[in-house]
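Here is the structure we will look at, set down as structure tokens.
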Amino acid sequence: MQNSLLLLYTTFPSYEVATEISERVLLERLACCVNLFPQGESLYLWNGAIERAQECYALFKTSPELLERLEGFLREHHPYETPAILKGLCSSSENFFDYIMKHT
């Protein structure tokens with residue numbers, strides 16, 4: 001896939017935690033852009049029961065070569081016991097691809 005970028009999605013328990021971890025990711029240059037969606041509500045199964053939680057959703061944009069490092073950083077610093085870490089390759093415009101490559 002030409003101009004392939006990696007999108008990594010995860011959730012955090014609050015906007016403050018998401019911002020703190022996202023800023024650290026950016027400073028480490030493991031991603032060059034993070035979109036935060038602070039008013040999410042998640043429903044999920046946990047220990048046999050349906051749970052609800054207010055969460056902040058995060059979408060990290062990076063190069064595919066940084067996937068292992070970014071995922072490792074998130075697993076190490078994420079406050080959840082079992083964080084949702086979903087990742088996928090996508091194609092992008094040439095200009096945005098160049099931006100990501102320049103800043104990661």
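In the structure tokens, the first chain shown is A, the next is B, and so on; residue numbers restart at 1 for each chain, and ligands run from 1 in the order shown.
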
Region 20-24 of chain A environment, 12 Å, only C-alpha atoms, sequence neighbours closer than 4 positions dropped, as a ChimeraX atom specification: /A:8-16,28-36,56-61,70,73-79

Helix (DSSP H, G or I) residues, from DSSP on the backbone, in chain A, as a PyMOL selection string: chain A and resi 15-27+64-77+94-103

Backbone DSSP call of strand (DSSP E) for region 3-96 of chain A, listed as a VMD selection string: chain A and resid 4 to 12 33 to 46 49 to 62 86 to 91

Selected residue of minimal separation from Gly72 (chain A) among A:Ile100, A:Cys90, A:Ala49, A:Ile85, counting only C-alpha atoms: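 Going through A:Ile100, A:Cys90, A:Ala49, A:Ile85 one by one, the smallest distance to Gly72 (chain A) is for A:Ile85.
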
For Arg69 (chain A), the nearest of the candidates A:Leu7, A:Val17, A:Val25, A:Leu43, counting only C-alpha atoms: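 The closest residue to Arg69 (chain A) is A:Val25.
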